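Report on one structure; see the data block that follows.
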Amino acid sequence: QVQLVESGGGLVQPGGSLRLSCAASSNILSFTVMGWYRQAPGKEREVVATITSSGRENYGDSVKGRFTISRDNAKNTVYLQMNSLKPEDTAVYYCNGRSYYGLEYWGKGTLVTVSS
């Protein structure tokens with residue numbers, strides 16, 4: 001069973017930075033795409049950023065220019081560098097992986113709170 005474990009969430013002031021990590025229990029090259037999603041209270045889950053096995057990145061409009069997704073295949077880890085954080089970035093952030101067979105895996109999430 002593939003497991004994805006997020007870490008790095010916490011409380012940060014507006015304008016600050018955080019780096020989230022997603023550690024996979026299997027080789028992340030087995031995923032055609034990995035990504036970060038978030039869900040704020042009372043809102044639907046939305047895509048934050050995705051990265052394919054070939055390294056192509058995509059970002060949600062609200063985070064473009066502020067967040068960067070990356071992957072370290074040797075460590076089976078995907079990262080999300082978040083800069084210039086805003087209160088509206090407050091949410092639970094989830095790691096996602098989609099296999100070449102179409103199976104999807106989710107982590108349990110890590111809470112990011114942006115507040116002064």
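The way I read the labels, and the way they are meant: chains A, B, ... in the order of the structure tokens, residue 1 as the first residue of every chain, and ligand 1 as the first ligand shown, with later ones counted on from there.
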With only C-alpha atoms counted and 9 Å as the cut-off, give the residues of segment 71-97 of chain A in contact with segment 6-17 of chain A, each with its shortest interatomic distance in Å and the pair that gives it, as CSV.
```
residue,atom,partner,partner_atom,distance
A:Gln81,CA,A:Ser17,CA,7.5
A:Met82,CA,A:Ser17,CA,5.4
A:Asn83,CA,A:Ser17,CA,4.4
A:Ser84,CA,A:Gly15,CA,4.2
A:Leu85,CA,A:Gly15,CA,4.9
A:Lys86,CA,A:Pro14,CA,5.1
A:Pro87,CA,A:Pro14,CA,6.3
A:Val92,CA,A:Gly9,CA,8.6
A:Tyr93,CA,A:Gly9,CA,8.1
A:Tyr94,CA,A:Glu6,CA,7.2
A:Cys95,CA,A:Glu6,CA,6.6
```
Might you pull out every residue within 8 Å of segment 46-50 of chain A, with only C-alpha atoms counted and same-chain residues fewer than 4 positions away left off, and present them as a ChimeraX atom specification? /A:33-39,57-60,63,68-69
Among segment 53-109 of chain A, which ones does DSSP place in helix (DSSP H, G or I), written as a ChimeraX atom specification? /A:73-75,87-89
Those residues you just picked out, can you put them in a file as a short mmCIF file (atom, residue, chain, number, x, y, z; two decimals), in the first residue's frame with all heavy atoms?
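Result file result_10.cif:
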```
data_model
loop_
_atom_site.label_atom_id
_atom_site.label_comp_id
_atom_site.auth_asym_id
_atom_site.auth_seq_id
_atom_site.Cartn_x
_atom_site.Cartn_y
_atom_site.Cartn_z
N ASN A 73 13.67 12.84 -6.76
CA ASN A 73 13.38 11.43 -7.04
C ASN A 73 14.21 10.49 -6.17
O ASN A 73 13.74 9.41 -5.78
CB ASN A 73 13.62 11.13 -8.51
CG ASN A 73 12.67 11.88 -9.42
OD1 ASN A 73 11.54 12.20 -9.02
ND2 ASN A 73 13.11 12.18 -10.63
N ALA A 74 15.42 10.91 -5.84
CA ALA A 74 16.29 10.05 -5.02
C ALA A 74 15.74 9.89 -3.61
O ALA A 74 15.94 8.85 -2.97
CB ALA A 74 17.69 10.63 -4.98
N LYS A 75 15.03 10.91 -3.14
CA LYS A 75 14.46 10.87 -1.79
C LYS A 75 12.98 10.50 -1.80
O LYS A 75 12.35 10.47 -0.74
CB LYS A 75 14.65 12.21 -1.10
CG LYS A 75 16.10 12.57 -0.84
CD LYS A 75 16.22 13.89 -0.07
CE LYS A 75 17.68 14.21 0.24
NZ LYS A 75 17.81 15.49 0.98
N PRO A 87 -3.25 35.36 4.36
CA PRO A 87 -4.25 34.69 5.21
C PRO A 87 -5.15 33.74 4.42
O PRO A 87 -5.56 32.70 4.94
CB PRO A 87 -5.04 35.87 5.80
CG PRO A 87 -4.05 36.99 5.85
CD PRO A 87 -3.22 36.81 4.61
N GLU A 88 -5.45 34.07 3.18
CA GLU A 88 -6.31 33.21 2.37
C GLU A 88 -5.62 31.92 1.93
O GLU A 88 -6.25 31.05 1.32
CB GLU A 88 -6.83 33.96 1.14
CG GLU A 88 -5.77 34.68 0.33
CD GLU A 88 -5.65 36.15 0.69
OE1 GLU A 88 -5.66 36.48 1.91
OE2 GLU A 88 -5.52 36.96 -0.25
N ASP A 89 -4.34 31.77 2.23
CA ASP A 89 -3.65 30.50 1.98
C ASP A 89 -3.87 29.51 3.11
O ASP A 89 -3.45 28.35 3.01
CB ASP A 89 -2.14 30.73 1.81
CG ASP A 89 -1.80 31.53 0.57
OD1 ASP A 89 -2.40 31.27 -0.49
OD2 ASP A 89 -0.93 32.42 0.67
#
```
Point out the residue among A:Leu20, A:Leu4, A:Ala40, A:Val112 with the least atom-to-atom distance to Asn96 of chain A, counting only C-alpha atoms. A:Leu4
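Counting from atom CA of Ser53 of chain A, the distance to atom CA of Thr77 of chain A is 12.3 Å.
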